[in-house]
>>> print(open('run.pdb').read())   # PDB, C-alpha atoms
ATOM      1  CA  MET A   1      34.241  88.774 100.758
ATOM      2  CA  ILE A   2      31.862  89.118  97.811
ATOM      3  CA  SER A   3      28.351  90.269  98.479
ATOM      4  CA  THR A   4      25.576  88.004  97.204
ATOM      5  CA  ALA A   5      22.715  90.470  97.349
ATOM      6  CA  GLN A   6      20.748  90.778  94.077
ATOM      7  CA  GLN A   7      21.097  93.978  92.195
ATOM      8  CA  PRO A   8      18.011  95.488  90.559
ATOM      9  CA  MET A   9      17.716  94.796  86.728
ATOM     10  CA  SER A  10      17.915  97.697  84.429
ATOM     11  CA  PRO A  11      15.091  98.535  81.969
ATOM     12  CA  GLY A  12      17.319  97.919  78.997
ATOM     13  CA  ARG A  13      18.059  94.387  80.182
ATOM     14  CA  ILE A  14      14.394  93.705  80.725
ATOM     15  CA  ALA A  15      13.576  94.942  77.196
ATOM     16  CA  GLY A  16      16.257  92.639  75.716
ATOM     17  CA  ILE A  17      14.886  89.592  77.552
ATOM     18  CA  GLY A  18      11.347  90.474  76.334
ATOM     19  CA  LEU A  19      12.612  90.822  72.778
ATOM     20  CA  VAL A  20      14.261  87.388  72.968
ATOM     21  CA  ILE A  21      11.035  85.878  74.268
ATOM     22  CA  LEU A  22       9.031  87.473  71.404
ATOM     23  CA  LEU A  23      11.493  86.179  68.868
ATOM     24  CA  HIS A  24      11.153  82.662  70.283
ATOM     25  CA  ILE A  25       7.355  82.952  70.202
ATOM     26  CA  ALA A  26       7.426  84.206  66.623
ATOM     27  CA  LEU A  27       9.810  81.498  65.608
ATOM     28  CA  ILE A  28       7.679  78.829  67.219
ATOM     29  CA  TYR A  29       4.583  80.238  65.533
ATOM     30  CA  ALA A  30       6.337  80.361  62.216
ATOM     31  CA  LEU A  31       7.518  76.826  62.585
ATOM     32  CA  ILE A  32       4.051  75.647  63.524
ATOM     33  CA  SER A  33       2.417  77.526  60.640
ATOM     34  CA  GLY A  34       4.969  76.313  58.137
ATOM     35  CA  LEU A  35       4.693  72.723  59.248
ATOM     36  CA  ALA A  36       0.904  72.873  59.025
ATOM     37  CA  TYR A  37       1.068  74.238  55.453
ATOM     38  CA  ARG A  38       3.644  71.676  54.574
ATOM     39  CA  ALA A  39       1.448  68.988  56.004
ATOM     40  CA  VAL A  40      -1.419  70.211  53.838
ATOM     41  CA  GLU A  41       0.770  70.137  50.741
ATOM     42  CA  VAL A  42       2.209  66.820  51.571
ATOM     43  CA  LEU A  43      -1.171  65.147  51.906
ATOM     44  CA  PRO A  44      -1.966  63.646  48.526
ATOM     45  CA  ASN A  45      -5.281  63.780  46.784
ATOM     46  CA  PRO A  46      -7.812  61.235  47.908
ATOM     47  CA  ILE A  47      -7.068  57.829  46.409
ATOM     48  CA  GLU A  48      -9.645  56.701  43.889
ATOM     49  CA  THR A  49     -10.159  52.989  43.738
ATOM     50  CA  LYS A  50     -11.717  51.263  40.759
ATOM     51  CA  ILE A  51     -12.726  47.655  40.716
ATOM     52  CA  ILE A  52     -11.579  46.281  37.416
ATOM     53  CA  THR A  53     -13.709  43.395  36.388
ATOM     54  CA  PRO A  54     -11.617  40.886  34.485
ATOM     55  CA  PRO A  55     -12.962  40.133  31.021
ATOM     56  CA  ALA A  56     -15.093  37.095  30.810
ATOM     57  CA  GLU A  57     -13.031  34.091  29.974
ATOM     58  CA  GLN A  58     -13.707  33.029  26.415
ATOM     59  CA  LYS A  59     -14.560  29.423  26.111
ATOM     60  CA  THR A  60     -12.482  27.835  23.456
ATOM     61  CA  GLU A  61     -13.487  24.492  22.030
ATOM     62  CA  PRO A  62     -10.834  21.844  22.444
ATOM     63  CA  PRO A  63      -9.132  20.809  19.205
ATOM     64  CA  PRO A  64     -10.617  17.707  17.549
ATOM     65  CA  PRO A  65      -8.877  14.493  18.489
ATOM     66  CA  PRO A  66      -6.375  13.194  15.913
ATOM     67  CA  PRO A  67      -7.777  10.603  13.473
ATOM     68  CA  ASN A  68      -7.539   7.124  14.802
ATOM     69  CA  PHE A  69      -5.608   5.192  12.201
ATOM     70  CA  ALA A  70      -5.775   1.513  12.900
ATOM     71  CA  PRO A  71      -2.302   0.015  12.861
ATOM     72  CA  PRO A  72      -1.668  -2.306   9.901
ATOM     73  CA  PRO A  73      -2.192  -5.989  10.659
ATOM     74  CA  PRO A  74       0.977  -7.848  11.462
ATOM     75  CA  PRO A  75       2.438  -9.877   8.570
ATOM     76  CA  PHE A  76       1.187 -13.414   8.364
ATOM     77  CA  VAL A  77       3.771 -15.833   9.611
ATOM     78  CA  PRO A  78       2.920 -19.462   8.845
ATOM     79  CA  PRO A  79       3.070 -21.661  11.884
ATOM     80  CA  PRO A  80       6.107 -23.894  12.013
ATOM     81  CA  GLU A  81       5.657 -27.418  10.879
ATOM     82  CA  ILE A  82       5.822 -29.826  13.724
ATOM     83  CA  ASN A  83       6.517 -33.428  12.879
ATOM     84  CA  ILE A  84       5.302 -35.640  15.637
ATOM     85  CA  ALA A  85       6.896 -39.014  15.407
ATOM     86  CA  THR A  86       4.369 -41.733  16.028
ATOM     87  CA  PRO A  87       5.814 -44.207  18.486
ATOM     88  CA  PRO A  88       5.901 -47.768  17.229
ATOM     89  CA  PRO A  89       3.160 -49.976  18.552
ATOM     90  CA  PRO A  90       4.192 -51.926  21.606
ATOM     91  CA  ALA A  91       5.405 -55.379  20.907
ATOM     92  CA  VAL A  92       2.835 -57.982  21.746
ATOM     93  CA  SER A  93       4.158 -61.299  22.771
ATOM     94  CA  THR A  94       1.821 -64.204  22.440
ATOM     95  CA  ALA A  95       2.443 -67.705  23.508
ATOM     96  CA  ILE A  96       2.023 -70.129  20.624
ATOM     97  CA  THR A  97       0.113 -73.118  21.930
ATOM     98  CA  ASN A  98      -1.187 -74.710  18.740
ATOM     99  CA  VAL A  99       0.279 -74.227  15.279
ATOM    100  CA  THR A 100      -1.836 -75.210  12.299
ATOM    101  CA  PRO A 101      -0.019 -75.076   8.960
ATOM    102  CA  VAL A 102      -1.745 -72.873   6.406
ATOM    103  CA  ARG A 103      -1.461 -73.996   2.854
ATOM    104  CA  PRO A 104      -1.157 -71.295   0.261
ATOM    105  CA  PRO A 105      -4.111 -71.070  -2.095
ATOM    106  CA  ALA A 106      -3.807 -72.960  -5.292
ATOM    107  CA  PRO A 107      -2.784 -70.772  -8.210
ATOM    108  CA  THR A 108      -5.614 -69.692 -10.413
ATOM    109  CA  PRO A 109      -5.339 -71.361 -13.799
ATOM    110  CA  PRO A 110      -4.786 -68.847 -16.570
ATOM    111  CA  ALA A 111      -7.798 -67.910 -18.598
ATOM    112  CA  PRO A 112      -7.986 -69.746 -21.867
ATOM    113  CA  PRO A 113      -6.957 -67.649 -24.832
ATOM    114  CA  PRO A 114      -9.783 -66.268 -26.903
ATOM    115  CA  HIS A 115     -10.975 -68.685 -29.532
ATOM    116  CA  GLU A 116      -9.596 -67.977 -32.951
ATOM    117  CA  PRO A 117     -11.622 -69.522 -35.735
ATOM    118  CA  VAL A 118      -9.888 -72.016 -37.936
ATOM    119  CA  LYS A 119      -9.525 -70.397 -41.324
ATOM    120  CA  ILE A 120      -8.882 -72.232 -44.581
ATOM    121  CA  GLY A 121      -8.423 -70.148 -47.695
ATOM    122  CA  PRO A 122     -10.084 -70.797 -51.087
ATOM    123  CA  HIS A 123      -8.322 -72.354 -54.071
ATOM    124  CA  VAL A 124      -8.975 -73.001 -57.771
ATOM    125  CA  ASP A 125     -11.094 -76.042 -58.595
ATOM    126  CA  VAL A 126      -9.095 -77.130 -61.632
ATOM    127  CA  ALA A 127     -11.454 -79.997 -62.531
ATOM    128  CA  ALA A 128     -14.444 -77.644 -62.761
ATOM    129  CA  SER A 129     -12.615 -74.780 -64.494
ATOM    130  CA  GLN A 130     -11.974 -74.115 -68.214
ATOM    131  CA  GLN A 131      -9.076 -72.165 -69.716
ATOM    132  CA  PRO A 132     -10.224 -69.010 -71.498
ATOM    133  CA  GLU A 133      -9.514 -68.695 -75.236
ATOM    134  CA  TYR A 134      -6.248 -67.011 -76.227
ATOM    135  CA  PRO A 135      -7.054 -63.652 -77.842
ATOM    136  CA  PRO A 136      -6.506 -64.118 -81.633
ATOM    137  CA  VAL A 137      -4.905 -60.711 -82.141
ATOM    138  CA  SER A 138      -2.485 -61.305 -79.258
ATOM    139  CA  ARG A 139      -1.617 -64.743 -80.664
ATOM    140  CA  ARG A 140      -0.960 -63.233 -84.086
ATOM    141  CA  LEU A 141       1.183 -60.470 -82.575
ATOM    142  CA  GLY A 142       2.954 -62.880 -80.265
ATOM    143  CA  GLU A 143       1.808 -61.229 -77.055
ATOM    144  CA  GLN A 144       2.272 -63.259 -73.877
ATOM    145  CA  GLY A 145       2.825 -62.606 -70.168
ATOM    146  CA  THR A 146       1.547 -63.146 -66.594
ATOM    147  CA  VAL A 147      -1.191 -61.119 -64.916
ATOM    148  CA  ILE A 148      -1.843 -61.220 -61.135
ATOM    149  CA  LEU A 149      -5.529 -61.189 -60.201
ATOM    150  CA  GLU A 150      -7.387 -60.837 -56.891
ATOM    151  CA  VAL A 151     -10.718 -62.655 -56.807
ATOM    152  CA  MET A 152     -13.434 -62.462 -54.130
ATOM    153  CA  VAL A 153     -14.631 -66.031 -53.806
ATOM    154  CA  GLU A 154     -18.184 -66.418 -52.520
ATOM    155  CA  PRO A 155     -19.403 -69.357 -50.367
ATOM    156  CA  ASN A 156     -20.890 -70.969 -53.520
ATOM    157  CA  GLY A 157     -17.395 -71.059 -55.157
ATOM    158  CA  ARG A 158     -17.998 -68.328 -57.780
ATOM    159  CA  ALA A 159     -15.969 -65.113 -58.209
ATOM    160  CA  SER A 160     -18.061 -62.070 -57.391
ATOM    161  CA  SER A 161     -15.357 -59.590 -58.380
ATOM    162  CA  VAL A 162     -12.004 -59.714 -60.128
ATOM    163  CA  LYS A 163      -9.395 -56.941 -60.164
ATOM    164  CA  ILE A 164      -5.941 -56.663 -61.666
ATOM    165  CA  VAL A 165      -3.133 -56.434 -59.105
ATOM    166  CA  GLN A 166      -0.266 -56.511 -61.643
ATOM    167  CA  SER A 167      -0.597 -56.177 -65.436
ATOM    168  CA  SER A 168       0.961 -58.537 -67.960
ATOM    169  CA  GLY A 169       2.017 -55.561 -70.032
ATOM    170  CA  PHE A 170      -0.699 -56.126 -72.637
ATOM    171  CA  PRO A 171      -4.194 -54.730 -71.981
ATOM    172  CA  ARG A 172      -5.821 -57.360 -74.287
ATOM    173  CA  LEU A 173      -4.334 -60.222 -72.258
ATOM    174  CA  ASP A 174      -5.359 -58.533 -68.948
ATOM    175  CA  GLN A 175      -9.011 -58.072 -69.996
ATOM    176  CA  ALA A 176      -9.211 -61.610 -71.468
ATOM    177  CA  ALA A 177      -7.940 -63.053 -68.158
ATOM    178  CA  VAL A 178     -10.545 -61.111 -66.116
ATOM    179  CA  ALA A 179     -13.395 -62.222 -68.421
ATOM    180  CA  GLY A 180     -12.244 -65.873 -68.556
ATOM    181  CA  VAL A 181     -11.851 -66.215 -64.733
ATOM    182  CA  THR A 182     -15.270 -64.657 -64.142
ATOM    183  CA  ALA A 183     -17.052 -66.874 -66.656
ATOM    184  CA  ASN A 184     -15.093 -70.178 -66.725
ATOM    185  CA  TYR A 185     -13.319 -70.571 -63.363
ATOM    186  CA  ARG A 186     -14.705 -72.319 -60.297
ATOM    187  CA  PHE A 187     -13.226 -72.220 -56.780
ATOM    188  CA  SER A 188     -13.425 -74.162 -53.601
ATOM    189  CA  PRO A 189     -14.625 -71.548 -51.078
ATOM    190  CA  GLY A 190     -12.698 -70.801 -47.908
ATOM    191  CA  THR A 191     -14.068 -71.892 -44.535
ATOM    192  CA  LEU A 192     -14.168 -70.533 -40.963
ATOM    193  CA  ASP A 193     -14.438 -73.323 -38.419
ATOM    194  CA  GLY A 194     -15.527 -75.611 -41.270
ATOM    195  CA  LYS A 195     -18.244 -73.297 -42.615
ATOM    196  CA  PRO A 196     -17.965 -71.716 -46.115
ATOM    197  CA  ALA A 197     -17.283 -67.980 -46.043
ATOM    198  CA  ALA A 198     -16.477 -65.281 -48.589
ATOM    199  CA  MET A 199     -12.730 -64.661 -48.803
ATOM    200  CA  PRO A 200     -10.312 -62.926 -51.201
ATOM    201  CA  PHE A 201      -7.984 -65.087 -53.254
ATOM    202  CA  THR A 202      -4.936 -63.877 -55.213
ATOM    203  CA  PHE A 203      -3.304 -65.928 -57.964
ATOM    204  CA  LYS A 204      -1.332 -65.654 -61.198
ATOM    205  CA  PHE A 205      -2.830 -66.183 -64.679
ATOM    206  CA  THR A 206      -0.199 -66.821 -67.359
ATOM    207  CA  TRP A 207      -0.653 -66.390 -71.101
ATOM    208  CA  LYS A 208       1.879 -68.460 -73.024
ATOM    209  CA  LEU A 209       1.967 -69.360 -76.707
ATOM    210  CA  GLN A 210       2.316 -73.088 -77.499
TER     211      GLN A 210
END
>>> encode(input="run.pdb", output="structure tokens")
Amino acid sequence: MISTAQQPMSPGRIAGIGLVILLHIALIYALISGLAYRAVEVLPNPIETKIITPPAEQKTEPPPPPPNFAPPPPPFVPPPEINIATPPPPAVSTAITNVTPVRPPAPTPPAPPPHEPVKIGPHVDVAASQQPEYPPVSRRLGEQGTVILEVMVEPNGRASSVKIVQSSGFPRLDQAAVAGVTANYRFSPGTLDGKPAAMPFTFKFTWKLQ
């Protein structure tokens, strides 16, 4: 049977236990000191805060509005032609109770034609006229021929002017005929509605040797 009575500890064992305790104390102290220093190092510098004021917002003027160009007027389109047919007037029926025949108006007689004056031309008054003398030189040379004369016969029957329309071919016979008709011939004047009036008269004067 084993005895359970405690044996007294030796001084060497007591010194070993004390040394272990001191080592634990030193280790604990070292750990505490190291942690405190580490805590001091770990703490950062105090944080500086600055309030940054944002720059004042610059007011910018809005861009000018775009020019207002009026749209071009629409092209002119003529209105369509509308033909409105006019309805025929309604038929009106009337009862004929009394019919009176209407005679057409009598035709208007035509206007009488404008009055044209009755004109009678002049002619030679043979009874009151004398034949002019045959020019002696023309008789001697055997000159003869017919000259056509136009005479203006006045209302008194005399010739106011005589002109040669066609020559006889011999100037002496032409001049003798003009002088003889002016001096020796008489005419019956022409008339308009029975009244004497000046009129031209054309006739032949013939020179012929006997």
>>> atom_distance(input="run.pdb", atom1="CA of Ala198 in chain A", atom2="CA of Ser129 in chain A")
18.9 Å
>>> atom_distance(input="run.pdb", atom1="CA of Gln166 in chain A", atom2="CA of Lys119 in chain A")
26.3 Å
>>> residues_near_point(input="run.pdb", point="(-13.8, -59.9, -63.4)", cutoff="7 Å", atoms="only C-alpha atoms", output="number ranges by chain")
A: 161-163, 178-179, 181-182
>>> resolve_selection(input="run.pdb", expression="the PyMOL selection byres ((chain A and resi 188-194) around 7)", output="ChimeraX atom specification")
/A:117-125,153-157,187,195-199
>>> atom_distance(input="run.pdb", atom1="CA of Val165 in chain A", atom2="CA of Phe203 in chain A")
9.6 Å
>>> closest_residue(input="run.pdb", among="A:His24, A:Arg158, A:Arg186, A:Arg139", to="Trp207 in chain A", atoms="all atoms listed in the file")
A:Arg139
>>> resolve_selection(input="run.pdb", expression="the PyMOL selection byres ((chain A and resi 135) around 8)", output="ChimeraX atom specification")
/A:133-134,136-139,172-173,176
